[in-house]
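target-v9.txt (compact mmCIF, C-alpha atoms) appears below.
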# COMPACT_ATOMS: atom_id res chain seq x y z
CA MET A 27 -26.98 -87.71 -106.16
CA ALA A 28 -27.14 -83.92 -105.76
CA ARG A 29 -30.83 -84.05 -104.83
CA ALA A 30 -30.12 -86.74 -102.24
CA LEU A 31 -27.42 -84.58 -100.65
CA LEU A 32 -29.85 -81.68 -100.27
CA LEU A 33 -32.24 -83.99 -98.45
CA LEU A 34 -29.67 -85.26 -95.92
CA PRO A 35 -30.41 -82.61 -93.30
CA ALA A 36 -34.13 -83.34 -93.54
CA LEU A 37 -33.52 -87.04 -92.89
CA MET A 38 -31.91 -86.34 -89.52
CA PRO A 39 -34.49 -86.50 -86.74
CA ALA A 40 -35.65 -83.33 -85.07
CA THR A 41 -34.44 -84.63 -81.71
CA LEU A 42 -30.88 -83.89 -82.81
CA CYS A 43 -31.65 -80.19 -82.54
CA ALA A 44 -31.49 -80.62 -78.79
CA GLN A 45 -28.27 -82.67 -78.93
CA ASP A 46 -24.74 -81.35 -78.75
CA ILE A 47 -23.26 -81.63 -82.22
CA GLU A 48 -19.53 -82.32 -82.42
CA LEU A 49 -17.72 -80.92 -85.43
CA SER A 50 -14.28 -81.94 -86.65
CA PRO A 51 -12.28 -80.96 -89.74
CA LEU A 52 -11.08 -83.42 -92.37
CA GLY A 53 -7.94 -82.69 -94.31
CA GLU A 54 -5.00 -84.37 -96.00
CA THR A 55 -2.48 -83.69 -98.72
CA ARG A 56 -0.35 -85.93 -100.88
CA LEU A 57 2.55 -84.85 -103.05
CA ARG A 58 3.89 -87.56 -105.36
CA TYR A 59 6.50 -87.83 -108.06
CA GLU A 60 6.08 -90.83 -110.36
CA SER A 61 8.40 -91.82 -113.20
CA VAL A 62 7.81 -94.61 -115.73
CA ASP A 63 10.16 -96.05 -118.34
CA GLN A 64 8.40 -98.58 -120.60
CA GLN A 65 9.89 -100.45 -123.53
CA GLY A 66 8.28 -99.67 -126.86
CA LEU A 67 7.15 -96.14 -125.99
CA SER A 68 9.19 -93.12 -127.02
CA GLY A 69 10.66 -91.47 -123.96
CA GLY A 70 9.46 -91.98 -120.42
CA ALA A 71 6.80 -90.35 -118.32
CA ASP A 72 7.18 -87.98 -115.38
CA ALA A 73 4.37 -86.76 -113.14
CA LEU A 74 4.48 -84.53 -110.09
CA THR A 75 0.94 -84.39 -108.74
CA LEU A 76 -0.57 -82.78 -105.67
CA ARG A 77 -3.78 -84.04 -104.07
CA VAL A 78 -5.67 -82.00 -101.48
CA ARG A 79 -8.71 -83.34 -99.63
CA ALA A 80 -10.73 -81.20 -97.24
CA GLY A 81 -14.07 -81.44 -95.51
CA ALA A 82 -15.88 -81.69 -92.22
CA ALA A 83 -17.59 -84.32 -90.08
CA ALA A 84 -20.44 -83.83 -87.62
CA SER A 85 -21.83 -86.26 -85.06
CA ALA A 86 -24.63 -86.23 -82.50
CA ASP A 87 -25.78 -89.24 -80.52
CA ARG A 88 -26.08 -92.14 -82.99
CA TRP A 89 -26.00 -89.98 -86.11
CA SER A 90 -23.01 -88.69 -88.03
CA ALA A 91 -22.44 -87.01 -91.38
CA LEU A 92 -19.45 -85.94 -93.39
CA ILE A 93 -18.67 -84.15 -96.59
CA GLU A 94 -15.29 -84.09 -98.36
CA GLY A 95 -13.99 -82.68 -101.59
CA GLN A 96 -10.73 -83.26 -103.39
CA ALA A 97 -8.59 -81.60 -106.03
CA ILE A 98 -5.66 -83.04 -108.01
CA LEU A 99 -3.17 -80.74 -109.70
CA ALA A 100 -0.46 -81.86 -112.13
CA ILE A 101 2.60 -79.70 -111.40
CA ILE A 102 4.72 -81.69 -113.88
CA ASP A 103 2.51 -83.24 -116.55
CA ASP A 104 4.93 -84.99 -118.91
CA TYR A 105 2.81 -88.17 -118.98
CA PHE A 106 -0.25 -89.86 -120.45
CA SER A 107 -3.01 -89.64 -117.82
CA GLY A 108 -5.35 -91.94 -119.76
CA LEU A 109 -7.51 -89.06 -121.01
CA GLY A 110 -7.14 -86.87 -124.05
CA GLU A 111 -3.39 -86.72 -124.46
CA SER A 112 -1.27 -88.78 -126.82
CA ALA A 113 -0.70 -92.35 -125.64
CA ALA A 114 2.90 -92.21 -126.89
CA SER A 115 4.05 -91.82 -123.28
CA PRO A 116 3.55 -94.43 -120.55
CA LEU A 117 0.33 -94.28 -118.57
CA ILE A 118 0.24 -92.66 -115.13
CA ALA A 119 -3.41 -92.85 -114.10
CA ASP A 120 -3.62 -89.57 -112.16
CA PRO A 121 -5.50 -87.02 -114.29
CA GLU A 122 -6.21 -83.56 -112.92
CA ASN A 123 -9.54 -83.55 -111.14
CA ILE A 124 -11.85 -81.71 -108.79
CA ALA A 125 -14.70 -83.63 -107.24
CA LEU A 126 -16.96 -84.34 -104.32
CA SER A 127 -15.29 -87.49 -103.02
CA ARG A 128 -17.55 -88.24 -100.05
CA ALA A 129 -20.93 -87.04 -98.76
CA GLN A 130 -22.56 -89.50 -96.41
CA LEU A 131 -24.99 -89.87 -93.54
CA ARG A 132 -24.55 -92.66 -90.96
CA TYR A 133 -26.68 -94.11 -88.20
CA ALA A 134 -24.92 -96.45 -85.76
CA ALA A 135 -26.46 -98.46 -82.93
CA GLN A 136 -24.79 -101.11 -80.76
CA ARG A 137 -24.95 -103.95 -83.30
CA PHE A 138 -26.17 -102.19 -86.41
CA ALA A 139 -25.02 -99.34 -88.63
CA ILE A 140 -26.21 -98.01 -91.96
CA THR A 141 -24.37 -95.52 -94.18
CA ALA A 142 -25.96 -93.77 -97.17
CA GLY A 143 -24.47 -91.48 -99.79
CA ARG A 144 -21.14 -91.15 -101.55
CA GLN A 145 -18.65 -93.23 -99.59
CA ARG A 146 -15.57 -95.39 -99.82
CA LEU A 147 -16.16 -99.13 -99.70
CA ALA A 148 -13.50 -101.67 -98.75
CA PHE A 149 -14.43 -105.32 -98.28
CA ASP A 150 -11.93 -107.72 -96.69
CA ASP A 151 -8.53 -107.32 -98.39
CA GLU A 152 -10.01 -105.19 -101.25
CA ARG A 153 -9.37 -107.93 -103.81
CA PHE A 154 -12.93 -107.54 -105.10
CA VAL A 155 -14.13 -104.13 -103.86
CA GLY A 156 -11.86 -101.34 -102.65
CA SER A 157 -11.12 -97.61 -102.58
CA VAL A 158 -8.09 -97.68 -104.95
CA GLY A 159 -6.28 -95.60 -102.35
CA PHE A 160 -2.93 -95.47 -104.14
CA ARG A 161 -4.21 -93.49 -107.11
CA GLN A 162 -4.69 -89.80 -106.47
CA SER A 163 -8.42 -89.60 -107.20
CA GLY A 164 -9.26 -92.97 -105.67
CA GLN A 165 -12.59 -94.72 -106.08
CA SER A 166 -15.84 -94.08 -104.23
CA PHE A 167 -19.39 -95.33 -104.50
CA ASP A 168 -22.88 -93.87 -104.42
CA ALA A 169 -24.25 -96.56 -102.17
CA VAL A 170 -26.13 -97.74 -99.10
CA ARG A 171 -24.19 -99.99 -96.73
CA ALA A 172 -25.35 -101.94 -93.68
CA ASP A 173 -23.02 -103.41 -91.03
CA ILE A 174 -24.67 -105.90 -88.70
CA GLU A 175 -23.45 -107.98 -85.75
CA PRO A 176 -26.42 -110.27 -84.93
CA VAL A 177 -24.48 -112.12 -82.22
CA GLN A 178 -21.03 -111.78 -80.70
CA GLY A 179 -18.37 -112.88 -83.19
CA VAL A 180 -20.64 -112.89 -86.25
CA THR A 181 -20.68 -109.94 -88.66
CA ALA A 182 -22.48 -109.17 -91.89
CA HIS A 183 -21.64 -106.37 -94.30
CA ILE A 184 -24.02 -105.63 -97.16
CA ALA A 185 -23.91 -102.86 -99.76
CA TYR A 186 -25.90 -101.79 -102.77
CA ALA A 187 -24.10 -99.34 -105.09
CA TRP A 188 -25.79 -97.70 -108.06
CA SER A 189 -22.76 -95.72 -109.23
CA VAL A 190 -18.98 -96.18 -109.08
CA ARG A 191 -17.01 -92.93 -109.09
CA THR A 192 -13.83 -93.88 -110.93
CA ILE A 193 -10.22 -92.71 -110.75
CA TRP A 194 -10.64 -90.88 -114.08
CA GLY A 195 -12.43 -87.87 -112.57
CA ILE A 196 -14.56 -85.18 -114.18
CA ASP A 197 -12.96 -85.53 -117.63
CA GLY A 198 -13.51 -89.28 -117.80
CA VAL A 199 -15.02 -90.43 -121.07
CA GLY A 200 -15.60 -93.59 -123.08
CA ALA A 201 -14.14 -96.73 -121.54
CA ARG A 202 -12.63 -94.50 -118.80
CA GLN A 203 -15.77 -92.81 -117.58
CA GLN A 204 -16.19 -90.42 -114.68
CA ALA A 205 -18.76 -92.81 -113.20
CA VAL A 206 -20.10 -96.24 -114.09
CA SER A 207 -23.72 -96.96 -113.25
CA GLY A 208 -25.20 -100.35 -112.41
CA ASP A 209 -26.94 -102.41 -109.75
CA ASN A 210 -23.92 -103.62 -107.77
CA LEU A 211 -24.51 -105.90 -104.77
CA PHE A 212 -21.78 -106.81 -102.28
CA GLY A 213 -22.10 -108.96 -99.19
CA THR A 214 -19.97 -110.80 -96.63
CA LEU A 215 -20.89 -112.97 -93.65
CA GLY A 216 -18.06 -113.64 -91.21
CA ALA A 217 -17.63 -115.62 -88.02
CA ALA A 218 -14.77 -115.86 -85.53
CA THR A 219 -13.26 -119.35 -85.23
CA PRO A 220 -10.22 -120.72 -83.35
CA LEU A 221 -8.29 -120.59 -86.64
CA GLY A 222 -9.30 -117.04 -87.51
CA LYS A 223 -12.10 -115.19 -89.23
CA LEU A 224 -14.04 -117.35 -91.69
CA THR A 225 -15.99 -115.33 -94.25
CA ALA A 226 -18.41 -116.23 -97.00
CA PHE A 227 -18.81 -113.57 -99.67
CA ALA A 228 -20.77 -112.61 -102.77
CA TYR A 229 -19.82 -109.80 -105.15
CA LEU A 230 -22.23 -109.00 -107.97
CA VAL A 231 -20.62 -106.40 -110.21
CA ASP A 232 -22.83 -104.64 -112.75
CA GLN A 233 -20.83 -102.49 -115.19
CA ASP A 234 -23.96 -101.27 -116.94
CA GLU A 235 -22.33 -98.99 -119.52
CA PRO A 236 -21.82 -100.17 -123.12
CA ALA A 237 -18.66 -98.04 -123.45
CA VAL A 238 -17.03 -100.03 -120.62
CA GLN A 239 -16.03 -103.23 -122.44
CA ASP A 240 -19.57 -103.64 -123.84
CA PHE A 241 -20.91 -104.94 -120.47
CA ARG A 242 -18.28 -107.73 -120.40
CA LEU A 243 -17.00 -106.79 -116.94
CA SER A 244 -20.32 -107.62 -115.26
CA SER A 245 -19.86 -110.72 -113.13
CA GLN A 246 -20.99 -112.65 -110.08
CA SER A 247 -18.39 -114.07 -107.69
CA TYR A 248 -19.10 -116.36 -104.73
CA GLY A 249 -16.52 -117.74 -102.36
CA ALA A 250 -15.02 -118.08 -98.90
CA ARG A 251 -11.99 -116.72 -97.09
CA LEU A 252 -10.08 -117.62 -93.91
CA GLU A 253 -7.78 -115.05 -92.31
CA GLY A 254 -5.97 -115.65 -89.05
CA ARG A 255 -2.93 -115.11 -86.83
CA GLN A 256 -1.19 -117.52 -84.49
CA LYS A 257 1.78 -117.28 -82.13
CA LEU A 258 4.62 -119.78 -82.40
CA GLY A 259 7.14 -118.95 -79.70
CA ARG A 260 8.25 -115.38 -80.35
CA ALA A 261 7.07 -115.50 -83.94
CA LYS A 262 3.66 -114.37 -85.16
CA ILE A 263 2.28 -116.22 -88.16
CA ALA A 264 -0.39 -114.63 -90.34
CA TYR A 265 -2.24 -116.50 -93.08
CA GLN A 266 -4.94 -116.04 -95.67
CA PHE A 267 -6.72 -118.66 -97.75
CA SER A 268 -9.41 -117.78 -100.27
CA TYR A 269 -11.39 -119.39 -103.05
CA ALA A 270 -14.04 -117.98 -105.38
CA ARG A 271 -15.97 -118.98 -108.47
CA GLN A 272 -16.92 -116.29 -110.99
CA SER A 273 -19.35 -116.33 -113.90
CA ASP A 274 -21.11 -113.85 -116.17
CA TRP A 275 -23.95 -111.71 -114.81
CA HIS A 276 -26.61 -109.30 -115.93
CA ARG A 277 -25.99 -108.03 -119.50
CA ASN A 278 -22.59 -109.66 -120.01
CA PRO A 279 -22.67 -111.27 -123.49
CA ASN A 280 -19.90 -113.74 -122.58
CA ARG A 281 -20.80 -117.08 -121.05
CA TYR A 282 -17.92 -118.19 -118.87
CA ALA A 283 -16.80 -119.52 -115.50
CA ALA A 284 -13.41 -119.07 -113.83
CA ASP A 285 -11.84 -119.78 -110.43
CA TYR A 286 -9.79 -117.73 -107.99
CA TYR A 287 -7.33 -119.08 -105.39
CA LEU A 288 -5.16 -117.39 -102.80
CA ILE A 289 -2.67 -118.88 -100.33
CA ASP A 290 -0.65 -116.33 -98.35
CA VAL A 291 1.54 -116.90 -95.26
CA GLY A 292 3.69 -114.38 -93.39
CA VAL A 293 6.04 -114.61 -90.40
CA ASP A 294 6.77 -111.66 -88.10
CA LEU A 295 9.85 -112.12 -85.92
CA GLY A 296 9.50 -108.81 -84.10
CA GLY A 297 11.39 -106.79 -86.68
CA PRO A 298 12.31 -109.03 -89.60
CA ARG A 299 9.36 -110.23 -91.66
CA MET A 300 9.07 -112.85 -94.36
CA GLY A 301 6.18 -114.03 -96.48
CA ALA A 302 5.16 -116.07 -99.49
CA GLY A 303 2.00 -116.60 -101.45
CA TYR A 304 0.34 -117.98 -104.54
CA GLU A 305 -2.57 -116.20 -106.22
CA VAL A 306 -4.43 -117.53 -109.26
CA MET A 307 -6.82 -115.55 -111.44
CA GLY A 308 -8.23 -118.45 -113.41
CA ALA A 309 -8.87 -118.64 -117.13
CA GLY A 310 -12.11 -119.53 -118.84
CA ASP A 311 -11.95 -120.65 -122.46
CA GLY A 312 -9.08 -118.33 -123.41
CA ALA A 313 -11.24 -115.60 -124.95
CA ALA A 314 -10.83 -111.98 -123.85
CA LEU A 315 -12.59 -111.15 -120.56
CA THR A 316 -13.58 -114.74 -119.83
CA SER A 317 -10.86 -115.00 -117.18
CA PHE A 318 -11.42 -113.98 -113.56
CA GLN A 319 -11.85 -110.18 -113.42
CA THR A 320 -12.01 -107.74 -110.48
CA PRO A 321 -12.68 -104.28 -111.99
CA LEU A 322 -13.63 -102.73 -108.60
CA ALA A 323 -10.58 -103.98 -106.70
CA THR A 324 -7.72 -101.94 -105.30
CA GLY A 325 -5.55 -103.49 -107.97
CA PHE A 326 -2.26 -101.87 -106.93
CA LYS A 327 -2.16 -104.12 -103.85
CA PHE A 328 -2.03 -107.30 -105.94
CA GLN A 329 0.21 -108.89 -108.59
CA GLY A 330 2.91 -106.26 -108.56
CA TRP A 331 3.18 -102.49 -108.53
CA ALA A 332 4.00 -102.29 -112.24
CA ASP A 333 0.23 -102.73 -112.86
CA LYS A 334 0.58 -105.24 -115.68
CA PHE A 335 -2.38 -107.37 -114.60
CA LEU A 336 -5.12 -104.88 -113.64
CA VAL A 337 -7.14 -106.57 -116.40
CA THR A 338 -6.59 -110.32 -116.21
CA PRO A 339 -5.22 -111.72 -119.50
CA PRO A 340 -7.44 -114.12 -121.49
CA ASP A 341 -5.39 -117.09 -120.27
CA GLY A 342 -5.50 -115.97 -116.62
CA VAL A 343 -2.48 -115.38 -114.40
CA ARG A 344 -0.67 -117.26 -111.66
CA ASP A 345 1.41 -115.15 -109.30
CA LEU A 346 3.98 -116.93 -107.12
CA TYR A 347 5.55 -114.36 -104.80
CA ALA A 348 7.86 -114.01 -101.82
CA SER A 349 8.70 -111.04 -99.61
CA ALA A 350 11.24 -110.04 -96.98
CA GLY A 351 11.60 -106.91 -94.92
CA TRP A 352 12.19 -105.26 -91.60
CA ASN A 353 9.97 -103.05 -89.46
CA TRP A 354 11.06 -100.72 -86.66
CA GLU A 355 8.61 -99.04 -84.31
CA ALA A 356 10.96 -96.08 -84.09
CA ILE A 357 14.41 -94.93 -85.19
CA GLY A 358 15.13 -91.63 -83.51
CA PRO A 359 12.28 -89.25 -84.38
CA LEU A 360 11.02 -91.55 -87.17
CA LYS A 361 8.12 -93.90 -86.47
CA ALA A 362 6.84 -97.02 -88.28
CA VAL A 363 10.00 -97.41 -90.36
CA THR A 364 9.61 -100.10 -93.02
CA LEU A 365 11.90 -101.73 -95.58
CA GLN A 366 10.43 -104.36 -97.91
CA ALA A 367 11.31 -106.32 -101.03
CA ILE A 368 8.87 -108.50 -103.01
CA TYR A 369 9.58 -110.90 -105.88
CA HIS A 370 6.88 -112.10 -108.31
CA ASP A 371 6.99 -114.89 -110.88
CA TYR A 372 4.06 -114.70 -113.30
CA ARG A 373 2.67 -117.48 -115.47
CA SER A 374 -0.55 -118.03 -117.37
CA ASP A 375 -3.21 -120.21 -115.79
CA ARG A 376 -4.18 -121.76 -119.11
CA MET A 377 -1.26 -123.63 -120.75
CA ASN A 378 1.15 -122.52 -117.98
CA ARG A 379 3.26 -120.12 -120.07
CA SER A 380 5.74 -117.69 -118.56
CA TYR A 381 4.64 -114.04 -118.44
CA GLY A 382 7.70 -112.57 -116.74
CA GLU A 383 8.93 -111.53 -113.32
CA GLU A 384 8.92 -108.45 -111.12
CA ILE A 385 10.80 -106.97 -108.18
CA ASP A 386 9.14 -104.37 -105.93
CA LEU A 387 11.01 -102.33 -103.29
CA LEU A 388 9.62 -100.06 -100.56
CA ALA A 389 11.04 -97.78 -97.86
CA SER A 390 8.72 -95.68 -95.68
CA ALA A 391 8.66 -93.81 -92.36
CA MET A 392 6.45 -91.45 -90.35
CA LEU A 393 7.46 -88.14 -88.79
CA GLY A 394 4.65 -86.58 -86.82
CA ARG A 395 1.61 -86.47 -89.08
CA SER A 396 3.65 -86.93 -92.24
CA THR A 397 4.60 -90.16 -94.01
CA ALA A 398 7.33 -90.37 -96.63
CA SER A 399 7.72 -93.37 -98.93
CA LEU A 400 10.01 -94.46 -101.72
CA ARG A 401 8.95 -97.25 -104.12
CA PHE A 402 10.45 -98.98 -107.12
CA ALA A 403 9.02 -101.62 -109.46
CA ARG A 404 10.96 -103.52 -112.13
CA TYR A 405 8.96 -105.78 -114.47
CA ARG A 406 10.79 -107.96 -116.98
CA ALA A 407 8.52 -109.39 -119.64
CA ASP A 408 8.65 -112.96 -120.96
CA GLY A 409 5.86 -113.37 -123.47
CA PHE A 410 3.48 -110.81 -121.95
CA ALA A 411 3.49 -106.97 -121.94
CA THR A 412 6.82 -105.09 -122.07
CA ASP A 413 9.77 -104.35 -119.78
CA THR A 414 8.84 -101.54 -117.39
CA ASN A 415 10.51 -99.60 -114.58
CA LYS A 416 8.50 -97.42 -112.19
CA PHE A 417 9.69 -95.11 -109.43
CA TRP A 418 7.68 -93.18 -106.82
CA LEU A 419 8.60 -90.61 -104.19
CA GLN A 420 5.61 -89.67 -102.04
CA LEU A 421 4.83 -87.45 -99.05
CA ASP A 422 1.51 -87.70 -97.20
CA TRP A 423 0.20 -85.42 -94.48
CA ILE A 424 -3.06 -85.83 -92.56
CA ILE A 425 -4.72 -83.35 -90.24
Mind turning the file's structure into structure tokens?
Amino acid sequence: MARALLLLPALMPATLCAQDIELSPLGETRLRYESVDQQGLSGGADALTLRVRAGAAASADRWSALIEGQAILAIIDDYFSGLGESAASPLIADPENIALSRAQLRYAAQRFAITAGRQRLAFDDERFVGSVGFRQSGQSFDAVRADIEPVQGVTAHIAYAWSVRTIWGIDGVGARQQAVSGDNLFGTLGAATPLGKLTAFAYLVDQDEPAVQDFRLSSQSYGARLEGRQKLGRAKIAYQFSYARQSDWHRNPNRYAADYYLIDVGVDLGGPRMGAGYEVMGAGDGAALTSFQTPLATGFKFQGWADKFLVTPPDGVRDLYASAGWNWEAIGPLKAVTLQAIYHDYRSDRMNRSYGEEIDLLASAMLGRSTASLRFARYRADGFATDTNKFWLQLDWII
């Protein structure tokens, strides 16, 4: 990767020397306090972490480049970060880190763009491939990505990634490595329809490291997704429907097949919002890691903020959820004010056993370039995992 970064300037055509190059800074900070109380572990966990990202972007004609570094500092470190320390405390997956988070070169024409280098990848709703934006280090990829629009209303996004830079940072080791190599292939083909955007997708995940579950997270998933919005009087209705079939791939020693389903509907009444959904991560034969897995997803967005199902249980999981909230464009000096509550009921896919239930609460607002948010998650176990409470207070600022 380092050698490729040194070659980036040489790849830019000499004609750019005569072009005006526009430079712009990149910068953001995030200060977050996270507290976890988990049954069965002595004491709780408290983390006050600060993330700083800084870099620069340059563009000229159809070419652009950017470079960005990040550093994470634990101001209060009374927690298990997943690396090195005793696991007697609950896990808060934000280890201290310093890293090159992005370094990419991009060429963009009218209906075609290609991006090479270390970059963030987010496909559709990030259920299969995402940037894990909630965690302080996040996830990036050493990859080449092409975005194509062959005709109006039809788009194709294709990426090949040879390394996944994980949330565990420079001290990552063993099953929680700094980076996971492999020949990952991601692709979507979407078309606009009267009902919304219809997308076919393929995600071939190659976790080609024996320390990472002995290759058992390598999989191939193929499916389709429909996402749309419709007006019904003053109400706006948003919906998502998705199906996928997953099986083993590459060096995975397991032989399995499992299904994925998603039905999600939301109603926006111009302030109050309501929604409901049903997501199924299907089971295979009940053995470990033969259920539907998404190791490259932005997992925090799905199946509850308590993070009990980042690895799908052997018997799969069914998540029946409902949400209610209220959005205000502005309240005095505050912008984008949001209140939200979400309820989850979890069951196994195989044998339909209860896993437990969860309540998630959110309040957030913007003031200038800063965003403040308050979150709470309460998971109550019923045959799976343990009772857990999580609390977050977060302040983000972007340049």
Check your understanding: Residues at most 7 Å from Val343 (chain A), counting all atoms listed in the file, excluding those fewer than 4 positions away in the same chain, as a list in words?
Key -> Val306, Met307, Gly308, Thr338, Pro339, Tyr372, Arg373, Ser374 and Asp375 of chain A
Practice item. Using CA of Lys334 (chain A) and CA of Ala411 (chain A) as the two end points, give the distance in Å to one decimal. Key: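 We find that CA of Lys334 (chain A) and CA of Ala411 (chain A) lie 7.1 Å from each other.
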Practice item. Choose the residue, out of A:Pro220, A:Pro121, A:Gly108, A:Pro321, that has the smallest atom-to-atom separation from Val190 (chain A); count only C-alpha atoms. Key: A:Pro321
Exercise for review: Choose the residue, out of A:His370, A:Arg132, A:Arg251, A:Lys257, that has the smallest atom-to-atom separation from Ala348 (chain A); count all atoms listed in the file.
Suggested key: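 Nearest candidate to Ala348 (chain A) out of A:His370, A:Arg132, A:Arg251, A:Lys257: A:His370.
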Exercise for review: Around the point (-16.3, -90.1, -106.4), in the coordinates given by the file, pick out the residues reaching within 7 Å, counting only C-alpha atoms, and return them as a ChimeraX atom specification.
Suggested key: /A:125-128,144,165-167,191-192
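Nearest residue to Thr324 (chain A) among A:Ala187, A:Leu76, A:Val158, A:Ala83 is A:Val158, counting only C-alpha atoms.
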**Study point:** Between CA of Ala114 (chain A) and CA of Gly330 (chain A) - distance in Å to one decimal
**Key:** 23.1 Å
Contact check, region 117-183 of chain A to region 97-100 of chain A, at most 12 Å, counting all atoms listed in the file, closest pairs as a Markdown table:
| residue | atom | partner | partner_atom | distance |
| --- | --- | --- | --- | --- |
| A:Ile118 | CA | A:Ala100 | CA | 11.2 |
| A:Ala119 | CA | A:Ala100 | CA | 11.5 |
| A:Asp120 | CA | A:Ile98 | CA | 8.0 |
| A:Pro121 | CA | A:Ile98 | CA | 7.4 |
| A:Glu122 | CA | A:Ile98 | CA | 5.0 |
| A:Asn123 | CA | A:Ile98 | CA | 5.0 |
| A:Ile124 | CA | A:Ala97 | CA | 4.3 |
| A:Ala125 | CA | A:Ala97 | CA | 6.6 |
| A:Leu126 | CA | A:Ala97 | CA | 9.0 |
| A:Ser127 | CA | A:Ala97 | CA | 9.4 |
| A:Arg161 | CA | A:Ile98 | CA | 10.6 |
| A:Gln162 | CA | A:Ile98 | CA | 7.0 |
| A:Ser163 | CA | A:Ile98 | CA | 7.2 |
| A:Gly164 | CA | A:Ile98 | CA | 10.8 |
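CA of Ala169 (chain A) is found 16.4 Å from CA of Ala134 (chain A).
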Check your understanding: With distances taken over only C-alpha atoms, which of A:Ala82, A:Ile47, A:Leu322, A:Leu57 is nearest to Leu230 (chain A)?
Key ->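 Closest residue, counting only C-alpha atoms: A:Leu322.
Among the candidates A:Thr55, A:Ala84, A:Asp234, A:Asp341, the one nearest to Arg379 (chain A) when counting only C-alpha atoms is A:Asp341.
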